[in-house]
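Asker: my_file.csv is reproduced in full below (CSV, C-alpha atoms and all ligand atoms).
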chain,number,residue,atom,x,y,z
V,45,MET,CA,-35.3,6.6,-230.3
V,46,GLN,CA,-33.2,9.8,-229.9
V,47,ASP,CA,-32.5,12.6,-232.3
V,48,ALA,CA,-29.8,15.2,-232.5
V,49,ILE,CA,-31.7,17.5,-230.2
V,50,THR,CA,-32.7,15.0,-227.5
V,51,SER,CA,-29.2,13.5,-227.5
V,52,VAL,CA,-27.5,16.9,-226.8
V,53,ILE,CA,-30.1,17.9,-224.2
V,54,ASN,CA,-30.0,14.5,-222.4
V,55,SER,CA,-26.2,14.7,-222.0
V,56,ALA,CA,-26.4,18.2,-220.6
V,57,ASP,CA,-29.3,17.2,-218.3
V,58,VAL,CA,-27.2,14.3,-216.9
V,59,GLN,CA,-24.6,16.9,-215.8
V,60,GLY,CA,-27.3,19.4,-214.6
V,61,LYS,CA,-25.8,22.0,-216.9
V,62,TYR,CA,-26.9,24.4,-219.7
V,63,LEU,CA,-25.7,23.5,-223.2
V,64,ASP,CA,-22.1,24.4,-223.6
V,65,GLY,CA,-20.5,25.8,-226.7
V,66,SER,CA,-19.9,22.5,-228.5
V,67,ALA,CA,-23.4,21.3,-227.7
V,68,LEU,CA,-24.8,24.5,-229.2
V,69,ASP,CA,-22.5,24.1,-232.2
V,70,LYS,CA,-24.0,20.6,-232.8
V,71,LEU,CA,-27.5,22.0,-232.6
V,72,LYS,CA,-26.6,24.8,-235.0
V,73,SER,CA,-25.2,22.5,-237.6
V,74,TYR,CA,-28.3,20.2,-237.2
V,75,PHE,CA,-30.7,23.1,-237.7
V,76,SER,CA,-28.8,24.6,-240.6
V,77,SER,CA,-28.9,21.2,-242.4
V,78,GLY,CA,-32.6,20.7,-241.8
V,79,GLU,CA,-33.7,21.6,-245.3
V,80,LEU,CA,-31.0,19.5,-246.8
V,81,ARG,CA,-32.3,16.5,-244.8
V,82,VAL,CA,-35.9,17.0,-245.6
V,83,ARG,CA,-35.2,17.4,-249.3
V,84,ALA,CA,-33.0,14.2,-249.3
V,85,ALA,CA,-35.8,12.3,-247.6
V,86,SER,CA,-38.3,13.4,-250.2
V,87,VAL,CA,-36.0,12.4,-253.1
V,88,ILE,CA,-35.3,9.0,-251.5
V,89,SER,CA,-38.9,8.2,-250.8
V,90,ALA,CA,-39.9,9.1,-254.4
V,91,ASN,CA,-37.2,6.8,-255.7
V,92,ALA,CA,-36.9,4.0,-253.1
V,93,ALA,CA,-37.8,1.1,-255.3
V,94,GLY,CA,-35.5,2.3,-258.0
V,95,ILE,CA,-32.6,2.8,-255.6
V,96,VAL,CA,-32.9,-0.8,-254.3
V,97,LYS,CA,-33.2,-2.2,-257.8
V,98,GLU,CA,-30.2,-0.4,-259.1
V,99,ALA,CA,-28.1,-1.3,-256.0
V,100,VAL,CA,-29.0,-5.0,-256.5
V,101,ALA,CA,-28.0,-4.8,-260.2
V,102,LYS,CA,-24.7,-3.3,-259.2
V,103,SER,CA,-23.8,-5.6,-256.4
V,104,LEU,CA,-25.7,-8.9,-256.3
V,105,LEU,CA,-27.1,-9.9,-259.7
V,106,TYR,CA,-25.0,-12.6,-261.5
V,107,SER,CA,-23.0,-13.3,-258.3
V,108,ASP,CA,-23.0,-16.6,-256.4
V,109,VAL,CA,-25.8,-15.5,-254.1
V,110,THR,CA,-28.3,-15.5,-257.0
V,111,ARG,CA,-27.2,-18.8,-258.5
V,112,PRO,CA,-28.7,-22.2,-257.5
V,113,GLY,CA,-27.6,-22.9,-254.0
V,114,GLY,CA,-27.1,-19.2,-253.2
V,115,ASN,CA,-29.0,-17.5,-250.4
V,116,MET,CA,-31.0,-15.3,-252.8
V,117,TYR,CA,-31.9,-18.1,-255.1
V,118,THR,CA,-35.7,-18.9,-255.3
V,119,THR,CA,-38.3,-16.1,-255.6
V,120,ARG,CA,-39.1,-16.2,-251.9
V,121,ARG,CA,-35.6,-15.6,-250.8
V,122,TYR,CA,-34.9,-13.0,-253.5
V,123,ALA,CA,-38.0,-11.1,-252.3
V,124,ALA,CA,-36.9,-11.4,-248.7
V,125,CYS,CA,-33.5,-9.8,-249.7
V,126,ILE,CA,-35.2,-6.9,-251.6
V,127,ARG,CA,-37.4,-6.4,-248.6
V,128,ASP,CA,-34.4,-6.3,-246.2
V,129,LEU,CA,-32.7,-3.7,-248.4
V,130,ASP,CA,-35.8,-1.6,-248.5
V,131,TYR,CA,-35.8,-1.7,-244.6
V,132,TYR,CA,-32.2,-0.5,-244.5
V,133,LEU,CA,-33.0,2.3,-246.9
V,134,ARG,CA,-36.1,3.4,-245.0
V,135,TYR,CA,-34.5,3.3,-241.5
V,136,ALA,CA,-31.3,5.0,-242.7
V,137,THR,CA,-33.5,7.8,-244.0
V,138,TYR,CA,-35.3,8.0,-240.6
V,139,ALA,CA,-31.9,8.2,-238.9
V,140,MET,CA,-30.6,10.8,-241.3
V,141,LEU,CA,-33.7,12.9,-240.6
V,142,ALA,CA,-33.2,12.5,-236.8
V,143,GLY,CA,-29.5,13.1,-237.1
V,144,ASP,CA,-28.9,10.2,-234.8
V,145,PRO,CA,-28.4,6.4,-235.3
V,146,SER,CA,-30.3,5.1,-232.2
V,147,ILE,CA,-33.3,4.1,-234.2
V,148,LEU,CA,-31.1,1.7,-236.1
V,149,ASP,CA,-29.9,0.0,-232.9
V,150,GLU,CA,-33.5,-0.4,-231.7
V,151,ARG,CA,-35.4,-1.4,-234.7
V,152,VAL,CA,-33.0,-2.8,-237.2
V,153,LEU,CA,-29.7,-4.2,-235.7
V,154,ASN,CA,-31.1,-5.7,-232.6
V,155,GLY,CA,-30.6,-9.5,-233.1
V,156,LEU,CA,-30.1,-9.1,-236.9
V,157,LYS,CA,-26.6,-10.6,-237.1
V,158,GLU,CA,-27.8,-13.7,-235.2
V,159,THR,CA,-30.8,-14.0,-237.5
V,160,TYR,CA,-28.6,-13.8,-240.6
V,161,ASN,CA,-26.1,-16.3,-239.2
V,162,SER,CA,-28.8,-18.8,-238.3
V,163,LEU,CA,-30.4,-18.5,-241.8
V,164,GLY,CA,-27.1,-18.5,-243.7
V,165,VAL,CA,-27.7,-15.0,-245.1
V,166,PRO,CA,-24.2,-13.9,-246.2
V,167,VAL,CA,-23.2,-10.7,-244.3
V,168,SER,CA,-20.5,-9.7,-246.8
V,169,SER,CA,-22.9,-9.7,-249.8
V,170,THR,CA,-25.4,-7.8,-247.7
V,171,ILE,CA,-22.8,-5.2,-246.9
V,172,GLN,CA,-21.9,-4.9,-250.6
V,173,ALA,CA,-25.5,-4.2,-251.4
V,174,ILE,CA,-25.8,-1.6,-248.7
V,175,GLN,CA,-22.6,0.1,-250.0
V,176,ALA,CA,-24.1,0.0,-253.5
V,177,MET,CA,-27.3,1.7,-252.1
V,178,LYS,CA,-25.1,4.3,-250.6
V,179,GLU,CA,-23.6,5.2,-254.0
V,180,VAL,CA,-26.9,5.1,-255.8
V,181,THR,CA,-28.5,7.3,-253.1
V,182,ALA,CA,-25.7,9.9,-253.2
V,183,SER,CA,-26.0,10.1,-257.0
V,184,LEU,CA,-29.6,11.0,-256.6
V,185,THR,CA,-29.5,13.3,-253.6
V,186,GLY,CA,-26.2,15.1,-254.3
V,187,ALA,CA,-22.9,14.8,-252.4
V,188,ASP,CA,-23.8,16.6,-249.2
V,189,ALA,CA,-27.0,14.7,-248.4
V,190,GLY,CA,-25.2,11.6,-249.8
V,191,ARG,CA,-22.5,11.9,-247.2
V,192,GLU,CA,-25.1,12.4,-244.4
V,193,MET,CA,-27.0,9.2,-245.6
V,194,GLY,CA,-23.6,7.4,-245.8
V,195,ILE,CA,-23.1,7.8,-242.1
V,196,TYR,CA,-26.2,5.6,-241.4
V,197,PHE,CA,-25.6,3.1,-244.2
V,198,ASP,CA,-22.1,2.6,-242.7
V,199,TYR,CA,-23.6,2.3,-239.3
V,200,ILE,CA,-25.8,-0.6,-240.4
V,201,CYS,CA,-22.8,-2.3,-242.1
V,202,SER,CA,-20.7,-2.0,-238.9
V,203,GLY,CA,-23.6,-3.3,-236.8
V,204,LEU,CA,-23.8,-6.4,-239.1
V,205,SER,CA,-20.1,-7.1,-239.2
H,301,LIG,C1,-37.1,-3.8,-239.9
H,301,LIG,C2,-36.1,-4.7,-239.3
H,301,LIG,C3,-36.1,-6.1,-239.9
H,301,LIG,C4,-35.0,-6.6,-240.6
H,301,LIG,C5,-33.7,-5.9,-240.9
H,301,LIG,C6,-35.4,-8.0,-240.9
H,301,LIG,C7,-34.5,-8.9,-241.6
H,301,LIG,C8,-34.7,-10.3,-241.8
H,301,LIG,N1,-34.3,-10.9,-243.0
H,301,LIG,C9,-34.7,-12.2,-242.9
H,301,LIG,C10,-34.5,-13.1,-243.9
H,301,LIG,C11,-33.8,-13.0,-245.2
H,301,LIG,N2,-32.9,-12.0,-245.5
H,301,LIG,C12,-32.4,-12.3,-246.8
H,301,LIG,C13,-31.4,-11.4,-247.4
H,301,LIG,C14,-30.4,-11.7,-248.3
H,301,LIG,N3,-29.9,-12.8,-248.8
H,301,LIG,C15,-28.9,-12.7,-249.6
H,301,LIG,O1,-28.2,-13.6,-250.2
H,301,LIG,C16,-28.6,-11.2,-249.8
H,301,LIG,C17,-27.1,-10.9,-249.7
H,301,LIG,C18,-29.5,-10.6,-248.8
H,301,LIG,C19,-30.2,-9.3,-249.3
H,301,LIG,C20,-29.2,-8.1,-249.3
H,301,LIG,C21,-32.9,-13.6,-247.2
H,301,LIG,C22,-32.7,-14.3,-248.5
H,301,LIG,C23,-33.8,-14.0,-246.2
H,301,LIG,C24,-34.6,-15.3,-246.2
H,301,LIG,C25,-33.7,-16.4,-245.7
H,301,LIG,C26,-34.5,-17.7,-245.6
H,301,LIG,O2,-35.6,-17.7,-245.1
H,301,LIG,O3,-33.9,-18.7,-246.0
H,301,LIG,C27,-35.4,-12.4,-241.7
H,301,LIG,C28,-35.9,-13.8,-241.3
H,301,LIG,C29,-37.4,-13.8,-241.3
H,301,LIG,C30,-38.0,-13.6,-242.7
H,301,LIG,O4,-37.6,-14.3,-243.6
H,301,LIG,O5,-38.7,-12.6,-242.8
H,301,LIG,C31,-35.4,-11.3,-241.0
H,301,LIG,C32,-35.9,-11.0,-239.6
H,301,LIG,N4,-36.6,-8.2,-240.5
H,301,LIG,C33,-37.1,-7.1,-239.9
H,301,LIG,O6,-38.2,-6.9,-239.3
As structure tokens, how would this structure be written, given the file I've shared?
Answerer:
Amino acid sequence: MQDAITSVINSADVQGKYLDGSALDKLKSYFSSGELRVRAASVISANAAGIVKEAVAKSLLYSDVTRPGGNMYTTRRYAACIRDLDYYLRYATYAMLAGDPSILDERVLNGLKETYNSLGVPVSSTIQAIQAMKEVTASLTGADAGREMGIYFDYICSGLS
């Protein structure tokens, strides 16, 4: 896993150089948004179950996936879906804190699309639910932190599609 600091330092190190102006600007903006990130993570962790529940209500309930024959139908599969959304929320929060998406590649997206395809989990409905989590999260954390979280929710969606 990388973060905003290691990623800037690693790329300078590869070239055997000190950090240049744009690398230093990246660090400056990461450090100056530190408190925003920590505050957002605290709001999200205190409201995680509610965020997932509201996102499901906005995007999946009463749709084809929850009806007989749908991939969320039966308690076991419904619970698996809620659990997946909770993973996405938690890992997006880690990535937002790190200011870097690499943890999503390593721990979430690796092999996920293949798993979903083989189990018939609908990717488009999953993306709708992740987009709904993005909106619900932004309404709780405020627009600035919401935009920052949005980067990582969108990253998961593009990794799935
Ligand atoms: C931390 C990284 C990580 C991820 C991301 C993960 C995802 C993941 N979701 C799975 C299943 C599943 N995922 C869903 C999800 C959904 N179905 C829908 O219709 C909805 C649209 C959607 C929720 C948004 C469902 C229903 C299953 C069970 C499918 C089945 O067994 O038939 C499975 C198969 C094994 C299992 O059931 O546990 C994995 C590996 N596991 C991990 O360890």
Asker: Determine the nearest neighbour of ligand LIG 301 (chain H) from the options V:Asp47, V:Glu192, V:Asp198, V:Glu150, counting all atoms listed in the file.
Answerer: V:Glu150
Asker: Give me the residues within 10 Å of Pro166 of chain V as a short mmCIF file (atom, residue, chain, number, x, y, z; two decimals) with C-alpha atoms, in the frame of the given file, counting only C-alpha atoms and dropping any in the same chain fewer than 5 places off.
Answerer:
data_model
loop_
_atom_site.label_atom_id
_atom_site.label_comp_id
_atom_site.auth_asym_id
_atom_site.auth_seq_id
_atom_site.Cartn_x
_atom_site.Cartn_y
_atom_site.Cartn_z
CA VAL V 109 -25.80 -15.50 -254.10
CA GLY V 114 -27.10 -19.20 -253.20
CA ASN V 115 -29.00 -17.50 -250.40
CA MET V 116 -31.00 -15.30 -252.80
CA LYS V 157 -26.60 -10.60 -237.10
CA TYR V 160 -28.60 -13.80 -240.60
CA ASN V 161 -26.10 -16.30 -239.20
CA ILE V 171 -22.80 -5.20 -246.90
#
Asker: Between atom CA of Leu156 of chain V and atom CA of Ala85 of chain V, measure the distance and give it in Å to one decimal.
Answerer: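 Atom CA of Ala85 of chain V lies at a distance of 24.6 Å from atom CA of Leu156 of chain V.
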Asker: Produce as a PyMOL selection string the set of residues near ligand LIG 301 (chain H), where near means within 9 Å with all atoms listed in the file considered.
Answerer: chain V and resi 100+104+108-110+114-118+120-132+134-135+148+151-156+159-160+163-174
Asker: Rank V:Gln175, V:Ser66, V:Thr137, V:Ser146 by their smallest atom-to-atom distance to Val82 of chain V, using all atoms listed in the file, and report the top residue only.
Answerer: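 Smallest separation from Val82 of chain V among the options: V:Thr137.
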